[in-house]
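File shown: query_2.txt. Contents: compact mmCIF, N, CA and C atoms.
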```txt
# COMPACT_ATOMS: atom_id res chain seq x y z
N MET O 20 195.98 191.05 39.77
CA MET O 20 196.45 192.05 40.71
C MET O 20 195.33 193.04 40.99
N ASN O 21 195.24 193.44 42.22
CA ASN O 21 194.19 194.39 42.62
C ASN O 21 194.57 195.79 42.19
N ASN O 22 193.57 196.51 41.67
CA ASN O 22 193.80 197.87 41.18
C ASN O 22 194.10 198.85 42.31
N TYR O 23 193.78 198.51 43.52
CA TYR O 23 193.93 199.45 44.62
C TYR O 23 195.31 199.41 45.26
N GLN O 24 196.14 198.46 44.92
CA GLN O 24 197.40 198.29 45.64
C GLN O 24 198.33 199.50 45.57
N ASN O 25 198.24 200.30 44.55
CA ASN O 25 199.06 201.51 44.45
C ASN O 25 198.27 202.77 44.81
N VAL O 26 197.02 202.57 45.24
CA VAL O 26 196.15 203.71 45.53
C VAL O 26 195.85 203.81 47.03
N ILE O 27 195.59 202.67 47.66
CA ILE O 27 195.23 202.66 49.08
C ILE O 27 196.45 202.27 49.90
N VAL O 28 196.78 203.10 50.88
CA VAL O 28 197.94 202.83 51.73
C VAL O 28 197.54 203.00 53.19
N ARG O 29 198.39 202.43 54.05
CA ARG O 29 198.23 202.60 55.50
C ARG O 29 199.55 203.07 56.06
N ASN O 30 199.48 204.06 56.93
CA ASN O 30 200.66 204.59 57.58
C ASN O 30 200.26 204.93 59.02
N PRO O 31 200.90 204.33 60.00
CA PRO O 31 200.49 204.58 61.38
C PRO O 31 200.58 206.04 61.80
N THR O 32 201.32 206.86 61.07
CA THR O 32 201.45 208.27 61.44
C THR O 32 200.42 209.17 60.74
N ILE O 33 199.63 208.57 59.85
CA ILE O 33 198.60 209.35 59.13
C ILE O 33 197.23 208.77 59.45
N MET O 34 196.35 209.59 59.96
CA MET O 34 194.96 209.22 60.26
C MET O 34 194.88 207.97 61.13
N GLY O 35 195.82 207.84 62.05
CA GLY O 35 195.79 206.73 62.99
C GLY O 35 195.99 205.36 62.35
N GLY O 36 196.57 205.34 61.17
CA GLY O 36 196.82 204.08 60.49
C GLY O 36 195.65 203.55 59.67
N LYS O 37 194.57 204.33 59.59
CA LYS O 37 193.44 203.91 58.76
C LYS O 37 193.87 203.91 57.30
N PRO O 38 193.27 203.04 56.49
CA PRO O 38 193.59 203.06 55.06
C PRO O 38 193.13 204.38 54.42
N ILE O 39 194.01 204.96 53.63
CA ILE O 39 193.73 206.25 52.98
C ILE O 39 194.07 206.17 51.49
N ILE O 40 193.58 207.15 50.75
CA ILE O 40 194.00 207.31 49.36
C ILE O 40 195.40 207.91 49.39
N LYS O 41 196.32 207.26 48.73
CA LYS O 41 197.74 207.65 48.75
C LYS O 41 197.90 209.14 48.41
N GLY O 42 198.71 209.81 49.20
CA GLY O 42 199.00 211.23 48.97
C GLY O 42 197.94 212.17 49.53
N THR O 43 196.96 211.61 50.26
CA THR O 43 195.90 212.43 50.85
C THR O 43 195.71 212.03 52.31
N ARG O 44 194.78 212.69 52.94
CA ARG O 44 194.33 212.30 54.27
C ARG O 44 192.88 211.85 54.19
N ILE O 45 192.46 211.42 53.00
CA ILE O 45 191.09 210.96 52.79
C ILE O 45 191.05 209.46 53.03
N THR O 46 190.26 209.06 54.03
CA THR O 46 190.19 207.66 54.41
C THR O 46 189.19 206.88 53.56
N VAL O 47 189.43 205.59 53.49
CA VAL O 47 188.46 204.69 52.84
C VAL O 47 187.12 204.83 53.56
N GLU O 48 187.18 204.92 54.87
CA GLU O 48 185.97 205.08 55.68
C GLU O 48 185.15 206.30 55.24
N LEU O 49 185.81 207.43 55.01
CA LEU O 49 185.11 208.64 54.60
C LEU O 49 184.43 208.44 53.25
N ILE O 50 185.14 207.85 52.31
CA ILE O 50 184.56 207.61 50.97
C ILE O 50 183.33 206.73 51.08
N LEU O 51 183.44 205.64 51.83
CA LEU O 51 182.29 204.73 51.99
C LEU O 51 181.12 205.43 52.67
N LYS O 52 181.41 206.23 53.68
CA LYS O 52 180.36 206.96 54.40
C LYS O 52 179.62 207.91 53.47
N LYS O 53 180.38 208.69 52.70
CA LYS O 53 179.77 209.65 51.78
C LYS O 53 178.92 208.94 50.73
N LEU O 54 179.42 207.83 50.17
CA LEU O 54 178.65 207.08 49.18
C LEU O 54 177.38 206.50 49.81
N SER O 55 177.47 206.03 51.04
CA SER O 55 176.30 205.47 51.71
C SER O 55 175.25 206.53 52.01
N GLU O 56 175.68 207.78 52.08
CA GLU O 56 174.76 208.90 52.30
C GLU O 56 174.10 209.36 51.01
N GLY O 57 174.49 208.73 49.89
CA GLY O 57 173.85 209.04 48.62
C GLY O 57 174.63 209.98 47.72
N ILE O 58 175.82 210.36 48.13
CA ILE O 58 176.65 211.22 47.28
C ILE O 58 177.21 210.38 46.14
N SER O 59 177.15 210.91 44.94
CA SER O 59 177.66 210.17 43.78
C SER O 59 179.18 210.30 43.69
N VAL O 60 179.76 209.43 42.87
CA VAL O 60 181.21 209.49 42.64
C VAL O 60 181.57 210.86 42.05
N GLY O 61 180.78 211.34 41.11
CA GLY O 61 181.03 212.65 40.51
C GLY O 61 180.99 213.78 41.53
N GLU O 62 180.04 213.70 42.46
CA GLU O 62 179.95 214.71 43.51
C GLU O 62 181.16 214.65 44.45
N LEU O 63 181.63 213.42 44.72
CA LEU O 63 182.82 213.28 45.56
C LEU O 63 184.04 213.94 44.92
N VAL O 64 184.18 213.75 43.61
CA VAL O 64 185.31 214.36 42.89
C VAL O 64 185.21 215.89 42.96
N LYS O 65 183.99 216.42 42.91
CA LYS O 65 183.82 217.87 43.04
C LYS O 65 184.13 218.34 44.46
N LEU O 66 183.72 217.55 45.46
CA LEU O 66 184.00 217.91 46.86
C LEU O 66 185.48 217.83 47.18
N TYR O 67 186.14 216.83 46.60
CA TYR O 67 187.57 216.58 46.86
C TYR O 67 188.29 216.55 45.51
N PRO O 68 188.56 217.71 44.91
CA PRO O 68 189.10 217.75 43.55
C PRO O 68 190.50 217.15 43.39
N HIS O 69 191.17 216.86 44.49
CA HIS O 69 192.51 216.27 44.40
C HIS O 69 192.46 214.74 44.35
N ILE O 70 191.24 214.15 44.31
CA ILE O 70 191.12 212.71 44.09
C ILE O 70 190.37 212.47 42.79
N THR O 71 190.54 211.28 42.24
CA THR O 71 189.94 210.97 40.94
C THR O 71 188.87 209.88 41.09
N GLN O 72 188.09 209.76 40.04
CA GLN O 72 187.08 208.70 40.00
C GLN O 72 187.75 207.33 40.13
N LEU O 73 188.87 207.14 39.48
CA LEU O 73 189.58 205.86 39.56
C LEU O 73 190.03 205.56 40.98
N GLN O 74 190.45 206.57 41.71
CA GLN O 74 190.84 206.36 43.11
C GLN O 74 189.64 205.97 43.96
N ILE O 75 188.51 206.57 43.69
CA ILE O 75 187.28 206.22 44.43
C ILE O 75 186.88 204.78 44.13
N LEU O 76 186.95 204.40 42.87
CA LEU O 76 186.63 203.02 42.50
C LEU O 76 187.62 202.03 43.12
N ALA O 77 188.88 202.41 43.20
CA ALA O 77 189.87 201.57 43.86
C ALA O 77 189.55 201.42 45.34
N THR O 78 189.03 202.48 45.94
CA THR O 78 188.60 202.43 47.34
C THR O 78 187.50 201.40 47.53
N LEU O 79 186.54 201.38 46.62
CA LEU O 79 185.46 200.40 46.68
C LEU O 79 185.98 198.99 46.50
N GLU O 80 186.92 198.81 45.59
CA GLU O 80 187.51 197.49 45.38
C GLU O 80 188.25 197.03 46.64
N TYR O 81 188.99 197.93 47.26
CA TYR O 81 189.69 197.61 48.50
C TYR O 81 188.70 197.15 49.57
N ALA O 82 187.64 197.92 49.77
CA ALA O 82 186.65 197.58 50.79
C ALA O 82 186.00 196.23 50.48
N SER O 83 185.71 195.98 49.23
CA SER O 83 185.12 194.71 48.82
C SER O 83 186.05 193.54 49.13
N ASP O 84 187.32 193.71 48.85
CA ASP O 84 188.29 192.64 49.14
C ASP O 84 188.42 192.40 50.64
N ILE O 85 188.41 193.46 51.42
CA ILE O 85 188.51 193.31 52.88
C ILE O 85 187.31 192.52 53.40
N ILE O 86 186.12 192.88 52.97
CA ILE O 86 184.91 192.18 53.40
C ILE O 86 184.90 190.76 52.86
N GLY O 87 185.31 190.59 51.63
CA GLY O 87 185.33 189.26 51.00
C GLY O 87 186.27 188.29 51.65
N ASN O 88 187.33 188.79 52.26
CA ASN O 88 188.33 187.93 52.90
C ASN O 88 188.14 187.83 54.41
N GLU O 89 187.09 188.46 54.90
CA GLU O 89 186.83 188.45 56.33
C GLU O 89 186.38 187.05 56.77
N GLU O 90 186.92 186.59 57.85
CA GLU O 90 186.52 185.29 58.39
C GLU O 90 185.36 185.50 59.36
N LEU O 91 184.34 184.69 59.18
CA LEU O 91 183.19 184.77 60.07
C LEU O 91 183.39 183.85 61.26
N LEU O 92 183.11 184.38 62.42
CA LEU O 92 183.20 183.60 63.65
C LEU O 92 181.80 183.20 64.06
N GLU O 93 181.60 181.92 64.29
CA GLU O 93 180.30 181.47 64.73
C GLU O 93 180.20 181.62 66.23
N VAL O 94 179.09 182.16 66.68
CA VAL O 94 178.84 182.32 68.10
C VAL O 94 177.94 181.18 68.53
N SER O 95 178.36 180.48 69.58
CA SER O 95 177.51 179.37 70.05
C SER O 95 176.82 179.70 71.34
```
Serialized structure, structure tokens:
Amino acid sequence: MNNYQNVIVRNPTIMGGKPIIKGTRITVELILKKLSEGISVGELVKLYPHITQLQILATLEYASDIIGNEELLEVS
């Protein structure tokens, strides 16, 4: 079972249906963007004290599964 299933949710009425950390308006996209900019997990927890390190790691697992299950279309 994936660790993110109780952490990452989608609701069409919150943030346009983007996946978010449950109980927040923090999107998976935002977490990935901040990490790609070089912010550490610890710094993210300080910036957003209402989320935890485990929630951030669940966000990464979710994104990994989405990419891992993506079907590639060949362009001819």
Practice prompt. May I have the protein, DNA and RNA residues with any atom at most 12 Å from the point (187.9, 214.5, 42.4), counting only C-alpha atoms, written as an MDAnalysis selection string?
Written response: chainID O and resid 40 43 45 50 59:76
Using the selection just defined, write its residues with N, CA and C atoms as a tab-separated table (two decimals), in the coordinates of the input.
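Dumped everything to again-v7.tsv:
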```
chain	number	residue	atom	x	y	z
O	40	ILE	N	193.58	207.15	50.75
O	40	ILE	CA	194.00	207.31	49.36
O	40	ILE	C	195.40	207.91	49.39
O	43	THR	N	196.96	211.61	50.26
O	43	THR	CA	195.90	212.43	50.85
O	43	THR	C	195.71	212.03	52.31
O	45	ILE	N	192.46	211.42	53.00
O	45	ILE	CA	191.09	210.96	52.79
O	45	ILE	C	191.05	209.46	53.03
O	50	ILE	N	185.14	207.85	52.31
O	50	ILE	CA	184.56	207.61	50.97
O	50	ILE	C	183.33	206.73	51.08
O	59	SER	N	177.15	210.91	44.94
O	59	SER	CA	177.66	210.17	43.78
O	59	SER	C	179.18	210.30	43.69
O	60	VAL	N	179.76	209.43	42.87
O	60	VAL	CA	181.21	209.49	42.64
O	60	VAL	C	181.57	210.86	42.05
O	61	GLY	N	180.78	211.34	41.11
O	61	GLY	CA	181.03	212.65	40.51
O	61	GLY	C	180.99	213.78	41.53
O	62	GLU	N	180.04	213.70	42.46
O	62	GLU	CA	179.95	214.71	43.51
O	62	GLU	C	181.16	214.65	44.45
O	63	LEU	N	181.63	213.42	44.72
O	63	LEU	CA	182.82	213.28	45.56
O	63	LEU	C	184.04	213.94	44.92
O	64	VAL	N	184.18	213.75	43.61
O	64	VAL	CA	185.31	214.36	42.89
O	64	VAL	C	185.21	215.89	42.96
O	65	LYS	N	183.99	216.42	42.91
O	65	LYS	CA	183.82	217.87	43.04
O	65	LYS	C	184.13	218.34	44.46
O	66	LEU	N	183.72	217.55	45.46
O	66	LEU	CA	184.00	217.91	46.86
O	66	LEU	C	185.48	217.83	47.18
O	67	TYR	N	186.14	216.83	46.60
O	67	TYR	CA	187.57	216.58	46.86
O	67	TYR	C	188.29	216.55	45.51
O	68	PRO	N	188.56	217.71	44.91
O	68	PRO	CA	189.10	217.75	43.55
O	68	PRO	C	190.50	217.15	43.39
O	69	HIS	N	191.17	216.86	44.49
O	69	HIS	CA	192.51	216.27	44.40
O	69	HIS	C	192.46	214.74	44.35
O	70	ILE	N	191.24	214.15	44.31
O	70	ILE	CA	191.12	212.71	44.09
O	70	ILE	C	190.37	212.47	42.79
O	71	THR	N	190.54	211.28	42.24
O	71	THR	CA	189.94	210.97	40.94
O	71	THR	C	188.87	209.88	41.09
O	72	GLN	N	188.09	209.76	40.04
O	72	GLN	CA	187.08	208.70	40.00
O	72	GLN	C	187.75	207.33	40.13
O	73	LEU	N	188.87	207.14	39.48
O	73	LEU	CA	189.58	205.86	39.56
O	73	LEU	C	190.03	205.56	40.98
O	74	GLN	N	190.45	206.57	41.71
O	74	GLN	CA	190.84	206.36	43.11
O	74	GLN	C	189.64	205.97	43.96
O	75	ILE	N	188.51	206.57	43.69
O	75	ILE	CA	187.28	206.22	44.43
O	75	ILE	C	186.88	204.78	44.13
O	76	LEU	N	186.95	204.40	42.87
O	76	LEU	CA	186.63	203.02	42.50
O	76	LEU	C	187.62	202.03	43.12
```
Item to complete: Would you mind writing down, as a PyMOL selection string, each residue of chain O that DSSP on the backbone assigns to strand (DSSP E or B)?
Response: chain O and resi 27-28+39-40+46
Worksheet item: Leaving out Tyr23 in chain O and any residue of its chain fewer than 6 positions from it, which residues lie within 8 Å of it when counting only N, CA and C atoms, given as a count of residues only?
Response: 7
If the box runs along x, y and z of the file and leaves 6 Å on each side of range 73-92 of chain O, what are its centre and edge lengths in Å, one decimal, as AutoDock Vina command-line options?
```
--center_x 186.3 --center_y 195.2 --center_z 51.8 --size_x 21.0 --size_y 35.9 --size_z 36.6
```
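Counting from CA of Lys41 in chain O, the distance to CA of Asn22 in chain O is 13.0 Å.
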Practice prompt. Enter the distance from CA of Gly42 in chain O to CA of Ile27 in chain O, in Å, rounded to one decimal.
Written response: 9.4 Å
Practice prompt. Enumerate as a ChimeraX atom specification all residues of chain O assigned to helix (DSSP H, G or I) by DSSP on the backbone, naming them with the chain letters and numbers the document uses.
Written response: /O:34-36,47-55,60-66,72-87
